[in-house]
Amino acid sequence: MAEKYIIRVTAGSDYNIDNHTVVPVNSPETIKINNDFVDAEINVRVKDYRGLPRNSPTTSPYFSLEPHATNDDQYSLAIRFTPKRPTGSQTKAASSGAAPAVPSEDNSNSKDNSTDADKSTLSENGISGHDLQFGNDFDHPIRDRLPPGFSYAMNIVKWWIDPGLDGDPYADMPYLYGPGLSSFNSIHVGAGEHDPEKGGLFFDEGGDGAGLEARQAIGAPDDAKGRKKWALNTDSKDKWVFEYDKTYCVDFFNPYLNFNDFSLRLPGFTLPIINHWDGQGLRSQQPKRSHTLRYVLRNRTTADTYLVILFTLYLKEDVNEDGSLKPAALQATREDRDMAKDAGKFTDGDSTETKADSTDAGANDDDVD
């Protein structure tokens, strides 16, 4: 079934794919994303990539470097971002009175009895360690399409890979988010490095001079493993703030999700996901024309969206030789966009993004009726 589909990766400052640009996967060229909340740039790297754009590099020098070579990492989402100081009532929660999109964190690891409301004062200088979230969400229920063994796989993920991960895959609009502070594999406080010979954005755990001092001042460990464990404690998230007007580099990578055979390979367990990519079956009869997997960087308390990276599967028969989308794929893209809009993920006029110099990912109104 996997051979019938081809991947395209897009990114933007919100859920509206009309505002996205096509990501040049495995190219050192970054995609720049700007909105009211962050200035950001990203690199997406996928090992043995066979997707769009056509003639994309099949790999990146990134995967030959440590620790990725030893880990046999399959993909990387590298983000360099600078949070912007809010001007007035910018956030959805502040402007509309909307409740946070996800439940408050479990504070069972807390060393105090303060509430999340008490901790909101910590975000005056930036985004608190409690609030910066990264993960996946969906616009429709997936509970009836979860593959056999899913619950077991989730237990492995939460025990072995990301204990901070939280969510509800059985909800009407499922989500799996983790605090970025414990979910990202690498966090570098500072501008990091962009080196084409290393695949573009490349940074180790740590920071520049001032960044290292800031980490040490709050007791954050210097190594990634130590920092991820440290970040599971509530008092650690109390101390960490992604400060406005300062630059941070994060990298999310792992050897578990294979984008070529669409399988989730966990320790001691392999879960085929091609038939369950987004909770909608890849049917041989009247197949859905596209399927999406979405990664979101967001604010837990305000529900503000900082950026979205979207992996979309298209039927190969719906893609032209030059990589452009045929009318059927454009229509499927529009349907996916409308589904996100109907789910309340965005409204017309939400985005204030300045697009990168890259290919527009959305369906043009002239292309599809």
# chains A, B, ... in the order shown; residues from 1 in each chain; ligands from 1
>>> select_by_dssp(residues="stretch 108-287 of chain A", states="alpha helix (DSSP H)", output="PyMOL selection string")
chain A and resi 116-119+150-156+180-183+209-217+224-230+234-239
>>> residues_around(residues="A:Phe138", least_positions_apart="6", cutoff="10 Å", atoms="only C-alpha atoms", output="ChimeraX atom specification")
/A:169,171-176,278-279,292-295,339-340,343,345
>>> write_last_selection(atoms="N, CA, C and O atoms", output="PDB file, in the first residue's frame")
ATOM      1  N   PRO A 169      -5.846  10.348  22.754  1.00  0.00           N
ATOM      2  CA  PRO A 169      -6.049   9.865  21.390  1.00  0.00           C
ATOM      3  C   PRO A 169      -7.475   9.400  21.126  1.00  0.00           C
ATOM      4  O   PRO A 169      -7.834   9.133  19.974  1.00  0.00           O
ATOM      5  N   ALA A 171     -10.208  11.244  22.043  1.00  0.00           N
ATOM      6  CA  ALA A 171     -11.094  12.404  22.029  1.00  0.00           C
ATOM      7  C   ALA A 171     -11.643  12.652  20.628  1.00  0.00           C
ATOM      8  O   ALA A 171     -11.165  12.092  19.643  1.00  0.00           O
ATOM      9  N   ASP A 172     -12.644  13.514  20.533  1.00  0.00           N
ATOM     10  CA  ASP A 172     -13.188  13.878  19.224  1.00  0.00           C
ATOM     11  C   ASP A 172     -12.145  14.600  18.378  1.00  0.00           C
ATOM     12  O   ASP A 172     -12.138  14.476  17.157  1.00  0.00           O
ATOM     13  N   MET A 173     -11.304  15.392  19.046  1.00  0.00           N
ATOM     14  CA  MET A 173     -10.164  16.018  18.372  1.00  0.00           C
ATOM     15  C   MET A 173      -8.897  15.605  19.127  1.00  0.00           C
ATOM     16  O   MET A 173      -8.450  16.301  20.034  1.00  0.00           O
ATOM     17  N   PRO A 174      -8.330  14.469  18.765  1.00  0.00           N
ATOM     18  CA  PRO A 174      -7.230  13.888  19.543  1.00  0.00           C
ATOM     19  C   PRO A 174      -5.966  14.755  19.486  1.00  0.00           C
ATOM     20  O   PRO A 174      -5.738  15.496  18.533  1.00  0.00           O
ATOM     21  N   TYR A 175      -5.158  14.609  20.518  1.00  0.00           N
ATOM     22  CA  TYR A 175      -3.883  15.314  20.568  1.00  0.00           C
ATOM     23  C   TYR A 175      -2.902  14.524  21.424  1.00  0.00           C
ATOM     24  O   TYR A 175      -3.290  13.772  22.322  1.00  0.00           O
ATOM     25  N   LEU A 176      -1.635  14.691  21.114  1.00  0.00           N
ATOM     26  CA  LEU A 176      -0.535  14.156  21.912  1.00  0.00           C
ATOM     27  C   LEU A 176       0.538  15.235  21.959  1.00  0.00           C
ATOM     28  O   LEU A 176       1.272  15.429  20.989  1.00  0.00           O
ATOM     29  N   ASP A 278      -3.697   8.812   9.540  1.00  0.00           N
ATOM     30  CA  ASP A 278      -4.336   9.913  10.265  1.00  0.00           C
ATOM     31  C   ASP A 278      -5.703   9.502  10.794  1.00  0.00           C
ATOM     32  O   ASP A 278      -6.593  10.322  10.965  1.00  0.00           O
ATOM     33  N   GLY A 279      -5.848   8.196  11.049  1.00  0.00           N
ATOM     34  CA  GLY A 279      -7.120   7.703  11.543  1.00  0.00           C
ATOM     35  C   GLY A 279      -8.142   7.478  10.457  1.00  0.00           C
ATOM     36  O   GLY A 279      -9.279   7.131  10.714  1.00  0.00           O
ATOM     37  N   THR A 292      -2.807  13.199   6.451  1.00  0.00           N
ATOM     38  CA  THR A 292      -1.875  14.151   7.036  1.00  0.00           C
ATOM     39  C   THR A 292      -1.400  13.715   8.417  1.00  0.00           C
ATOM     40  O   THR A 292      -2.135  13.072   9.168  1.00  0.00           O
ATOM     41  N   LEU A 293      -0.164  14.089   8.736  1.00  0.00           N
ATOM     42  CA  LEU A 293       0.405  13.974  10.077  1.00  0.00           C
ATOM     43  C   LEU A 293       0.983  15.333  10.414  1.00  0.00           C
ATOM     44  O   LEU A 293       1.845  15.844   9.690  1.00  0.00           O
ATOM     45  N   ARG A 294       0.541  15.907  11.513  1.00  0.00           N
ATOM     46  CA  ARG A 294       0.838  17.301  11.820  1.00  0.00           C
ATOM     47  C   ARG A 294       1.640  17.419  13.116  1.00  0.00           C
ATOM     48  O   ARG A 294       1.303  16.801  14.135  1.00  0.00           O
ATOM     49  N   TYR A 295       2.714  18.205  13.063  1.00  0.00           N
ATOM     50  CA  TYR A 295       3.497  18.563  14.246  1.00  0.00           C
ATOM     51  C   TYR A 295       3.264  20.044  14.532  1.00  0.00           C
ATOM     52  O   TYR A 295       3.343  20.874  13.623  1.00  0.00           O
ATOM     53  N   MET A 339     -11.458  20.963   6.878  1.00  0.00           N
ATOM     54  CA  MET A 339     -11.665  20.158   8.073  1.00  0.00           C
ATOM     55  C   MET A 339     -11.006  20.821   9.282  1.00  0.00           C
ATOM     56  O   MET A 339     -11.584  20.873  10.378  1.00  0.00           O
ATOM     57  N   ALA A 340      -9.793  21.355   9.088  1.00  0.00           N
ATOM     58  CA  ALA A 340      -9.105  22.052  10.175  1.00  0.00           C
ATOM     59  C   ALA A 340      -9.865  23.316  10.573  1.00  0.00           C
ATOM     60  O   ALA A 340      -9.998  23.636  11.758  1.00  0.00           O
ATOM     61  N   ALA A 343     -12.934  22.485  12.529  1.00  0.00           N
ATOM     62  CA  ALA A 343     -12.566  22.041  13.874  1.00  0.00           C
ATOM     63  C   ALA A 343     -12.153  23.199  14.770  1.00  0.00           C
ATOM     64  O   ALA A 343     -11.841  22.995  15.946  1.00  0.00           O
ATOM     65  N   LYS A 345      -9.475  25.137  14.289  1.00  0.00           N
ATOM     66  CA  LYS A 345      -8.028  25.290  14.388  1.00  0.00           C
ATOM     67  C   LYS A 345      -7.554  26.639  13.841  1.00  0.00           C
ATOM     68  O   LYS A 345      -6.481  27.119  14.186  1.00  0.00           O
TER      69      LYS A 345
END
>>> residues_around(residues="A:Ser324", least_positions_apart="3", cutoff="9 Å", atoms="only C-alpha atoms", output="ChimeraX atom specification")
/A:52-53,319-321
>>> write_last_selection(atoms="N, CA, C and O atoms", output="mmCIF file, in the first residue's frame")
data_model
loop_
_atom_site.group_PDB
_atom_site.id
_atom_site.type_symbol
_atom_site.label_atom_id
_atom_site.label_comp_id
_atom_site.auth_asym_id
_atom_site.auth_seq_id
_atom_site.Cartn_x
_atom_site.Cartn_y
_atom_site.Cartn_z
ATOM 1 N N LEU A 52 8.257 14.589 -2.273
ATOM 2 C CA LEU A 52 8.292 15.866 -2.979
ATOM 3 C C LEU A 52 9.093 16.879 -2.181
ATOM 4 O O LEU A 52 9.179 16.781 -0.958
ATOM 5 N N PRO A 53 9.656 17.890 -2.870
ATOM 6 C CA PRO A 53 9.702 18.102 -4.320
ATOM 7 C C PRO A 53 10.475 16.981 -5.041
ATOM 8 O O PRO A 53 11.301 16.293 -4.435
ATOM 9 N N VAL A 319 -0.297 13.265 -8.587
ATOM 10 C CA VAL A 319 0.830 14.194 -8.621
ATOM 11 C C VAL A 319 1.458 14.155 -10.010
ATOM 12 O O VAL A 319 1.736 13.079 -10.559
ATOM 13 N N ASN A 320 1.677 15.343 -10.578
ATOM 14 C CA ASN A 320 2.300 15.444 -11.895
ATOM 15 C C ASN A 320 3.780 15.096 -11.832
ATOM 16 O O ASN A 320 4.388 15.067 -10.754
ATOM 17 N N GLU A 321 4.363 14.849 -13.014
ATOM 18 C CA GLU A 321 5.784 14.505 -13.097
ATOM 19 C C GLU A 321 6.669 15.609 -12.531
ATOM 20 O O GLU A 321 7.745 15.345 -11.987
#
>>> atom_distance(atom1="atom CA of A:Asp238", atom2="atom CA of A:Gly129")
6.4 Å
>>> residues_around(residues="A:Ile7", least_positions_apart="5", cutoff="6 Å", atoms="only C-alpha atoms", output="PyMOL selection string")
chain A and resi 51+312-313
>>> closest_atom_pairs(of="stretch 122-162 of chain A", to="stretch 60-84 of chain A", cutoff="12 Å", atoms="only C-alpha atoms", output="JSON lines")
{"residue": "A:Ser123", "atom": "CA", "partner": "A:Pro83", "partner_atom": "CA", "distance": 11.5}
{"residue": "A:Glu124", "atom": "CA", "partner": "A:Lys84", "partner_atom": "CA", "distance": 11.7}
{"residue": "A:Asn125", "atom": "CA", "partner": "A:Pro83", "partner_atom": "CA", "distance": 10.1}
{"residue": "A:Gly126", "atom": "CA", "partner": "A:Pro83", "partner_atom": "CA", "distance": 7.2}
{"residue": "A:Ile127", "atom": "CA", "partner": "A:Pro83", "partner_atom": "CA", "distance": 7.7}
{"residue": "A:Ser128", "atom": "CA", "partner": "A:Pro83", "partner_atom": "CA", "distance": 11.3}
{"residue": "A:Leu132", "atom": "CA", "partner": "A:Pro83", "partner_atom": "CA", "distance": 10.7}
{"residue": "A:Phe134", "atom": "CA", "partner": "A:Leu77", "partner_atom": "CA", "distance": 11.1}
{"residue": "A:Gly135", "atom": "CA", "partner": "A:Leu77", "partner_atom": "CA", "distance": 11.5}
>>> write_last_selection(atoms="N, CA and C atoms", output="tab-separated table (two decimals), in the first residue's frame")
chain	number	residue	atom	x	y	z
A	123	SER	N	5.42	33.86	32.95
A	123	SER	CA	5.49	34.06	31.51
A	123	SER	C	5.59	35.53	31.13
A	124	GLU	N	5.70	36.43	32.11
A	124	GLU	CA	5.78	37.85	31.79
A	124	GLU	C	7.02	38.17	30.97
A	125	ASN	N	8.08	37.41	31.14
A	125	ASN	CA	9.32	37.64	30.40
A	125	ASN	C	9.50	36.68	29.24
A	126	GLY	N	8.53	35.79	29.04
A	126	GLY	CA	8.66	34.83	27.96
A	126	GLY	C	7.64	33.72	28.09
A	127	ILE	N	7.91	32.61	27.44
A	127	ILE	CA	7.03	31.45	27.46
A	127	ILE	C	7.56	30.49	28.51
A	128	SER	N	6.72	30.13	29.45
A	128	SER	CA	7.21	29.31	30.56
A	128	SER	C	7.50	27.89	30.11
A	132	LEU	N	5.32	25.91	26.67
A	132	LEU	CA	5.76	25.60	25.31
A	132	LEU	C	5.55	24.11	25.06
A	134	PHE	N	4.97	20.78	22.21
A	134	PHE	CA	5.25	20.27	20.87
A	134	PHE	C	4.61	18.90	20.75
A	135	GLY	N	3.97	18.66	19.61
A	135	GLY	CA	3.37	17.35	19.43
A	135	GLY	C	2.43	17.30	18.25
>>> residues_around(residues="A:Glu41", least_positions_apart="4", cutoff="12 Å", atoms="only C-alpha atoms", output="number ranges by chain")
A: 11-13, 23, 28-35, 77-82, 191, 194, 200-201, 247-251, 306-309, 354-356
